[in-house]
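Shown next: my_file.cif, containing mmCIF, C-alpha atoms.
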data_model
#
loop_
_atom_site.group_PDB
_atom_site.id
_atom_site.type_symbol
_atom_site.label_atom_id
_atom_site.label_comp_id
_atom_site.auth_asym_id
_atom_site.auth_seq_id
_atom_site.Cartn_x
_atom_site.Cartn_y
_atom_site.Cartn_z
ATOM 1 C CA MET V 1 34.631 -26.274 -136.606
ATOM 2 C CA ILE V 2 31.520 -24.231 -135.837
ATOM 3 C CA ILE V 3 30.350 -26.734 -133.229
ATOM 4 C CA ALA V 4 33.873 -26.898 -131.788
ATOM 5 C CA THR V 5 33.901 -23.087 -131.572
ATOM 6 C CA ILE V 6 30.588 -23.112 -129.683
ATOM 7 C CA PHE V 7 31.942 -25.602 -127.146
ATOM 8 C CA THR V 8 35.178 -23.610 -126.909
ATOM 9 C CA ILE V 9 33.217 -20.450 -126.088
ATOM 10 C CA GLY V 10 31.407 -22.392 -123.358
ATOM 11 C CA SER V 11 34.752 -23.598 -122.016
ATOM 12 C CA GLY V 12 36.135 -20.065 -122.118
ATOM 13 C CA LEU V 13 33.268 -18.804 -119.989
ATOM 14 C CA SER V 14 34.003 -21.435 -117.335
ATOM 15 C CA ASN V 15 36.487 -19.388 -115.288
ATOM 16 C CA ALA V 16 34.126 -16.432 -115.058
ATOM 17 C CA ILE V 17 31.244 -18.680 -113.992
ATOM 18 C CA LYS V 18 33.443 -20.477 -111.483
ATOM 19 C CA SER V 19 34.580 -17.169 -109.980
ATOM 20 C CA SER V 20 30.988 -16.031 -109.657
ATOM 21 C CA LEU V 21 29.926 -19.270 -107.949
ATOM 22 C CA LEU V 22 32.905 -19.207 -105.618
ATOM 23 C CA GLY V 23 32.300 -15.564 -104.707
ATOM 24 C CA ASP V 24 28.670 -16.308 -103.857
ATOM 25 C CA ALA V 25 29.701 -19.277 -101.718
ATOM 26 C CA ILE V 26 32.315 -17.255 -99.833
ATOM 27 C CA ASN V 27 29.846 -14.415 -99.226
ATOM 28 C CA LYS V 28 27.301 -16.859 -97.783
ATOM 29 C CA LEU V 29 29.879 -18.447 -95.505
ATOM 30 C CA ALA V 30 31.274 -15.070 -94.410
ATOM 31 C CA THR V 31 27.998 -14.230 -92.692
ATOM 32 C CA THR V 32 28.400 -17.226 -90.394
ATOM 33 C CA VAL V 33 31.970 -16.318 -89.437
ATOM 34 C CA ASP V 34 30.976 -12.761 -88.534
ATOM 35 C CA SER V 35 28.133 -13.994 -86.316
ATOM 36 C CA LYS V 36 30.115 -16.170 -83.866
ATOM 37 C CA ASP V 37 29.561 -13.595 -81.142
ATOM 38 C CA LEU V 38 25.819 -14.347 -81.163
ATOM 39 C CA PRO V 39 24.247 -16.389 -78.368
ATOM 40 C CA ASP V 40 24.207 -20.136 -78.966
ATOM 41 C CA ASP V 41 20.513 -20.407 -79.796
ATOM 42 C CA GLU V 42 20.639 -17.588 -82.374
ATOM 43 C CA TYR V 43 23.854 -19.024 -83.834
ATOM 44 C CA GLU V 44 22.192 -22.431 -84.247
ATOM 45 C CA ILE V 45 19.229 -20.829 -86.015
ATOM 46 C CA LEU V 46 21.625 -18.991 -88.318
ATOM 47 C CA MET V 47 23.575 -22.175 -89.060
ATOM 48 C CA ASP V 48 20.342 -24.042 -89.813
ATOM 49 C CA SER V 49 19.405 -21.338 -92.322
ATOM 50 C CA VAL V 50 22.859 -21.385 -93.936
ATOM 51 C CA GLU V 51 23.022 -25.156 -94.446
ATOM 52 C CA PRO V 52 20.402 -25.260 -97.256
ATOM 53 C CA GLU V 53 22.227 -22.436 -98.996
ATOM 54 C CA VAL V 54 25.515 -24.347 -98.790
ATOM 55 C CA ASN V 55 23.805 -27.454 -100.168
ATOM 56 C CA LYS V 56 22.450 -25.407 -103.095
ATOM 57 C CA THR V 57 25.918 -24.069 -103.748
ATOM 58 C CA ILE V 58 27.387 -27.578 -103.697
ATOM 59 C CA LYS V 59 24.763 -28.719 -106.207
ATOM 60 C CA LYS V 60 25.604 -25.738 -108.410
ATOM 61 C CA PHE V 61 29.300 -26.675 -108.314
ATOM 62 C CA LEU V 62 28.492 -30.294 -109.205
ATOM 63 C CA ILE V 63 26.355 -29.203 -112.142
ATOM 64 C CA TYR V 64 29.009 -26.685 -113.183
ATOM 65 C CA GLY V 65 31.743 -29.332 -113.039
ATOM 66 C CA SER V 66 29.724 -31.821 -115.060
ATOM 67 C CA VAL V 67 28.812 -29.295 -117.738
ATOM 68 C CA MET V 68 32.380 -27.991 -117.982
ATOM 69 C CA PHE V 69 33.727 -31.538 -118.290
ATOM 70 C CA VAL V 70 31.437 -32.144 -121.265
ATOM 71 C CA PHE V 71 32.219 -28.755 -122.830
ATOM 72 C CA ASN V 72 35.999 -29.112 -122.427
ATOM 73 C CA PHE V 73 36.040 -32.698 -123.667
ATOM 74 C CA LEU V 74 33.906 -31.969 -126.720
ATOM 75 C CA SER V 75 35.847 -28.808 -127.481
ATOM 76 C CA GLU V 76 39.210 -30.603 -127.501
ATOM 77 C CA PHE V 77 37.840 -33.664 -129.293
ATOM 78 C CA LEU V 78 36.124 -31.683 -132.036
ATOM 79 C CA TRP V 79 39.149 -29.454 -132.675
ATOM 80 C CA LEU V 80 41.465 -32.463 -132.939
ATOM 81 C CA TYR V 81 38.972 -34.315 -135.129
ATOM 82 C CA SER V 82 38.577 -31.277 -137.360
ATOM 83 C CA GLY V 83 42.344 -30.978 -137.683
ATOM 84 C CA MET V 84 42.683 -34.635 -138.595
ATOM 85 C CA ARG V 85 39.953 -34.365 -141.247
ATOM 86 C CA GLN V 86 41.557 -31.288 -142.741
ATOM 87 C CA MET V 87 44.932 -33.020 -142.845
ATOM 88 C CA HIS V 88 43.371 -36.049 -144.535
ATOM 89 C CA ASN V 89 41.824 -33.830 -147.213
ATOM 90 C CA LEU V 90 45.098 -31.947 -147.596
ATOM 91 C CA LYS V 91 46.986 -35.211 -148.122
ATOM 92 C CA ILE V 92 44.539 -36.283 -150.810
ATOM 93 C CA LYS V 93 44.824 -32.938 -152.613
ATOM 94 C CA TYR V 94 48.619 -32.979 -152.283
ATOM 95 C CA PHE V 95 48.778 -36.493 -153.704
ATOM 96 C CA SER V 96 46.478 -35.637 -156.614
ATOM 97 C CA THR V 97 48.617 -32.566 -157.361
ATOM 98 C CA ILE V 98 51.745 -34.707 -157.433
ATOM 99 C CA LEU V 99 50.108 -37.147 -159.827
ATOM 100 C CA LYS V 100 49.403 -34.265 -162.230
ATOM 101 C CA GLN V 101 53.103 -33.377 -162.484
ATOM 102 C CA GLU V 102 55.060 -33.816 -165.691
ATOM 103 C CA GLN V 103 57.255 -36.886 -166.189
ATOM 104 C CA SER V 104 60.430 -34.815 -165.857
ATOM 105 C CA TRP V 105 59.438 -33.840 -162.300
ATOM 106 C CA PHE V 106 59.468 -37.487 -161.245
ATOM 107 C CA GLU V 107 62.868 -37.992 -162.824
ATOM 108 C CA SER V 108 64.384 -35.099 -160.878
ATOM 109 C CA ASN V 109 62.775 -36.105 -157.519
ATOM 110 C CA ASN V 110 63.318 -39.354 -155.666
ATOM 111 C CA VAL V 111 60.006 -41.236 -155.634
ATOM 112 C CA PHE V 112 60.906 -43.183 -152.481
ATOM 113 C CA GLU V 113 61.341 -39.991 -150.468
ATOM 114 C CA LEU V 114 58.032 -38.553 -151.621
ATOM 115 C CA GLY V 115 55.836 -40.189 -148.953
ATOM 116 C CA THR V 116 58.173 -39.151 -146.176
ATOM 117 C CA LYS V 117 58.296 -35.557 -147.434
ATOM 118 C CA VAL V 118 54.512 -35.361 -147.663
ATOM 119 C CA GLN V 119 54.013 -36.767 -144.175
ATOM 120 C CA ALA V 120 56.670 -34.497 -142.630
ATOM 121 C CA GLN V 121 55.298 -31.363 -144.274
ATOM 122 C CA ILE V 122 51.718 -32.097 -143.303
ATOM 123 C CA GLU V 123 52.627 -32.997 -139.716
ATOM 124 C CA ALA V 124 54.417 -29.662 -139.466
ATOM 125 C CA ILE V 125 51.248 -27.704 -140.225
ATOM 126 C CA GLN V 126 48.700 -30.010 -138.547
ATOM 127 C CA PRO V 127 48.741 -28.284 -135.107
ATOM 128 C CA ALA V 128 47.704 -24.988 -136.685
ATOM 129 C CA PHE V 129 44.541 -26.571 -138.077
ATOM 130 C CA GLY V 130 43.642 -28.441 -134.909
ATOM 131 C CA ASP V 131 43.798 -27.528 -131.273
ATOM 132 C CA THR V 132 45.980 -24.418 -131.683
ATOM 133 C CA LEU V 133 43.095 -22.485 -133.207
ATOM 134 C CA GLY V 134 40.822 -23.805 -130.468
ATOM 135 C CA ASN V 135 43.257 -22.703 -127.769
ATOM 136 C CA LEU V 136 43.488 -19.235 -129.312
ATOM 137 C CA ILE V 137 39.695 -18.859 -129.270
ATOM 138 C CA LEU V 138 39.578 -20.239 -125.713
ATOM 139 C CA ARG V 139 42.126 -17.728 -124.408
ATOM 140 C CA ILE V 140 40.402 -14.792 -126.105
ATOM 141 C CA ILE V 141 37.042 -15.768 -124.595
ATOM 142 C CA GLU V 142 38.659 -16.242 -121.155
ATOM 143 C CA VAL V 143 40.128 -12.731 -121.256
ATOM 144 C CA ILE V 144 36.882 -11.134 -122.414
ATOM 145 C CA SER V 145 34.729 -12.978 -119.865
ATOM 146 C CA GLY V 146 37.258 -12.275 -117.106
ATOM 147 C CA TYR V 147 37.181 -8.557 -117.815
ATOM 148 C CA TYR V 148 33.383 -8.650 -118.014
ATOM 149 C CA MET V 149 33.104 -10.298 -114.596
ATOM 150 C CA GLY V 150 35.722 -7.945 -113.195
ATOM 151 C CA PHE V 151 33.945 -4.824 -114.398
ATOM 152 C CA LYS V 152 30.592 -6.239 -113.310
ATOM 153 C CA THR V 153 31.855 -6.926 -109.790
ATOM 154 C CA SER V 154 34.161 -3.967 -109.151
ATOM 155 C CA TRP V 155 35.124 -1.741 -112.024
ATOM 156 C CA LYS V 156 37.582 0.341 -109.973
ATOM 157 C CA LEU V 157 39.542 -2.695 -108.803
ATOM 158 C CA THR V 158 39.541 -4.092 -112.336
ATOM 159 C CA LEU V 159 41.059 -0.893 -113.709
ATOM 160 C CA VAL V 160 43.774 -0.884 -111.040
ATOM 161 C CA LEU V 161 44.616 -4.543 -111.634
ATOM 162 C CA SER V 162 44.648 -3.995 -115.386
ATOM 163 C CA ALA V 163 47.159 -1.173 -114.991
ATOM 164 C CA CYS V 164 49.301 -3.295 -112.677
ATOM 165 C CA GLY V 165 49.011 -6.328 -114.917
ATOM 166 C CA LEU V 166 50.371 -4.571 -117.989
ATOM 167 C CA PRO V 167 54.039 -4.954 -116.932
ATOM 168 C CA PHE V 168 53.457 -8.674 -116.358
ATOM 169 C CA ILE V 169 51.923 -9.056 -119.810
ATOM 170 C CA ILE V 170 54.859 -7.232 -121.397
ATOM 171 C CA ALA V 171 57.326 -9.386 -119.451
ATOM 172 C CA GLY V 172 55.431 -12.478 -120.563
ATOM 173 C CA PHE V 173 55.896 -11.574 -124.205
ATOM 174 C CA PHE V 174 59.632 -11.227 -123.738
#

Starting from the file, lay out its structure as structure tokens.
Amino acid sequence: MIIATIFTIGSGLSNAIKSSLLGDAINKLATTVDSKDLPDDEYEILMDSVEPEVNKTIKKFLIYGSVMFVFNFLSEFLWLYSGMRQMHNLKIKYFSTILKQEQSWFESNNVFELGTKVQAQIEAIQPAFGDTLGNLILRIIEVISGYYMGFKTSWKLTLVLSACGLPFIIAGFF
């Protein structure tokens, strides 16, 4: 669960990193759009200087995508695996507890329904042990990293959007 949490934190930071990379790429390309009024020879020189920057940005996006694929896959896999292991241990403990019951308990309960009851009860709580906890951690990290990037980039705009976003959050709860 600790390793899954580490990969989940990495996955949660992905949107903030992606926004930063995309903002840098747009800023680099915006300089070329603003300079179309330049003479042809100066425009060509500018375009030749921008092309290596665009290639660097593309490489950054490829590396980012590869790393995020690994982080997201391992995060989901480890949370589901952890949930399955916990359910297996819970089934063993549940079964050993049933075996410790008095004889009268077995007479009052149908033995043939016991396996079905155990499986149904454990399947009902399995999502809470698995990916649901991982998704909760992921969403918390996404919100924190999003606010961090927002305040780092433009704190005034972040405050305005936070105030405007509050009605949407309240509506989302209802």

Could you state which residues are captured by the PyMOL selection byres ((chain V and resi 129) around 9) in this file, as a PDB file with C-alpha atoms, in the coordinates of the input?
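File produced: result24.pdb:
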ATOM      1  CA  TRP V  79      39.149 -29.454-132.675  1.00  0.00           C
ATOM      2  CA  LEU V  80      41.465 -32.463-132.939  1.00  0.00           C
ATOM      3  CA  SER V  82      38.577 -31.277-137.360  1.00  0.00           C
ATOM      4  CA  GLY V  83      42.344 -30.978-137.683  1.00  0.00           C
ATOM      5  CA  MET V  84      42.683 -34.635-138.595  1.00  0.00           C
ATOM      6  CA  GLN V  86      41.557 -31.288-142.741  1.00  0.00           C
ATOM      7  CA  MET V  87      44.932 -33.020-142.845  1.00  0.00           C
ATOM      8  CA  ILE V 125      51.248 -27.704-140.225  1.00  0.00           C
ATOM      9  CA  GLN V 126      48.700 -30.010-138.547  1.00  0.00           C
ATOM     10  CA  PRO V 127      48.741 -28.284-135.107  1.00  0.00           C
ATOM     11  CA  ALA V 128      47.704 -24.988-136.685  1.00  0.00           C
ATOM     12  CA  GLY V 130      43.642 -28.441-134.909  1.00  0.00           C
ATOM     13  CA  ASP V 131      43.798 -27.528-131.273  1.00  0.00           C
ATOM     14  CA  THR V 132      45.980 -24.418-131.683  1.00  0.00           C
ATOM     15  CA  LEU V 133      43.095 -22.485-133.207  1.00  0.00           C
ATOM     16  CA  GLY V 134      40.822 -23.805-130.468  1.00  0.00           C
TER      17      GLY V 134
END

Checklist entry - Expressed in Å to a single decimal, how great is the separation between CA of Met68 in chain V and CA of Ser14 in chain V? => result 6.8 Å

Item to check | Shortest interatomic distance to Ser49 in chain V - which of V:Leu29, V:Leu74, V:Ser66, V:Trp105, counting all atoms listed in the file | outcome: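 That would be V:Leu29, the residue with the smallest distance to Ser49 in chain V.
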
Checklist entry - For Thr57 in chain V, which of V:Asp24, V:Glu76, V:Glu44, V:Glu107 is the closest residue, counting all atoms listed in the file? => result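 Once distances to Thr57 in chain V are computed over all atoms listed in the file, the minimum belongs to V:Asp24.
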
Please write the residues picked by the PyMOL selection byres ((chain V and resi 8) around 10) on this file as an mmCIF file with C-alpha atoms, keeping the file's coordinate frame.
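The result, written out as out-v8.cif:
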data_model
loop_
_atom_site.group_PDB
_atom_site.id
_atom_site.type_symbol
_atom_site.label_atom_id
_atom_site.label_comp_id
_atom_site.auth_asym_id
_atom_site.auth_seq_id
_atom_site.Cartn_x
_atom_site.Cartn_y
_atom_site.Cartn_z
ATOM 1 C CA ILE V 2 31.520 -24.231 -135.837
ATOM 2 C CA ILE V 3 30.350 -26.734 -133.229
ATOM 3 C CA ALA V 4 33.873 -26.898 -131.788
ATOM 4 C CA THR V 5 33.901 -23.087 -131.572
ATOM 5 C CA ILE V 6 30.588 -23.112 -129.683
ATOM 6 C CA PHE V 7 31.942 -25.602 -127.146
ATOM 7 C CA ILE V 9 33.217 -20.450 -126.088
ATOM 8 C CA GLY V 10 31.407 -22.392 -123.358
ATOM 9 C CA SER V 11 34.752 -23.598 -122.016
ATOM 10 C CA GLY V 12 36.135 -20.065 -122.118
ATOM 11 C CA LEU V 13 33.268 -18.804 -119.989
ATOM 12 C CA SER V 14 34.003 -21.435 -117.335
ATOM 13 C CA PHE V 71 32.219 -28.755 -122.830
ATOM 14 C CA ASN V 72 35.999 -29.112 -122.427
ATOM 15 C CA PHE V 73 36.040 -32.698 -123.667
ATOM 16 C CA LEU V 74 33.906 -31.969 -126.720
ATOM 17 C CA SER V 75 35.847 -28.808 -127.481
ATOM 18 C CA GLU V 76 39.210 -30.603 -127.501
ATOM 19 C CA LEU V 78 36.124 -31.683 -132.036
ATOM 20 C CA TRP V 79 39.149 -29.454 -132.675
ATOM 21 C CA GLY V 134 40.822 -23.805 -130.468
ATOM 22 C CA ASN V 135 43.257 -22.703 -127.769
ATOM 23 C CA LEU V 136 43.488 -19.235 -129.312
ATOM 24 C CA ILE V 137 39.695 -18.859 -129.270
ATOM 25 C CA LEU V 138 39.578 -20.239 -125.713
ATOM 26 C CA ARG V 139 42.126 -17.728 -124.408
ATOM 27 C CA ILE V 141 37.042 -15.768 -124.595
ATOM 28 C CA GLU V 142 38.659 -16.242 -121.155
#

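Of the listed residues V:Glu42, V:Asn109, V:Met47, V:Val70, the one whose atoms come nearest to Ala30 in chain V is V:Met47, with distances taken using all atoms listed in the file.
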
Next on the checklist: Report, in Å with one decimal, the straight-line distance from CA of Tyr64 in chain V to CA of Ile144 in chain V.
Outcome noted: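 The value is 19.7 Å.
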
What are the centre and edge lengths in Å, to one decimal, of the axis-aligned box around all listed atoms of range 11-21 of chain V with 4 Å added on each side, as lines of an AutoDock Vina configuration file?
center_x = 33.2
center_y = -19.8
center_z = -115.0
size_x = 14.6
size_y = 15.6
size_z = 22.2

Item to check | Between CA of Phe61 in chain V and CA of Tyr148 in chain V - distance in Å to one decimal | outcome: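 We find that CA of Tyr148 in chain V and CA of Phe61 in chain V lie 20.9 Å from each other.
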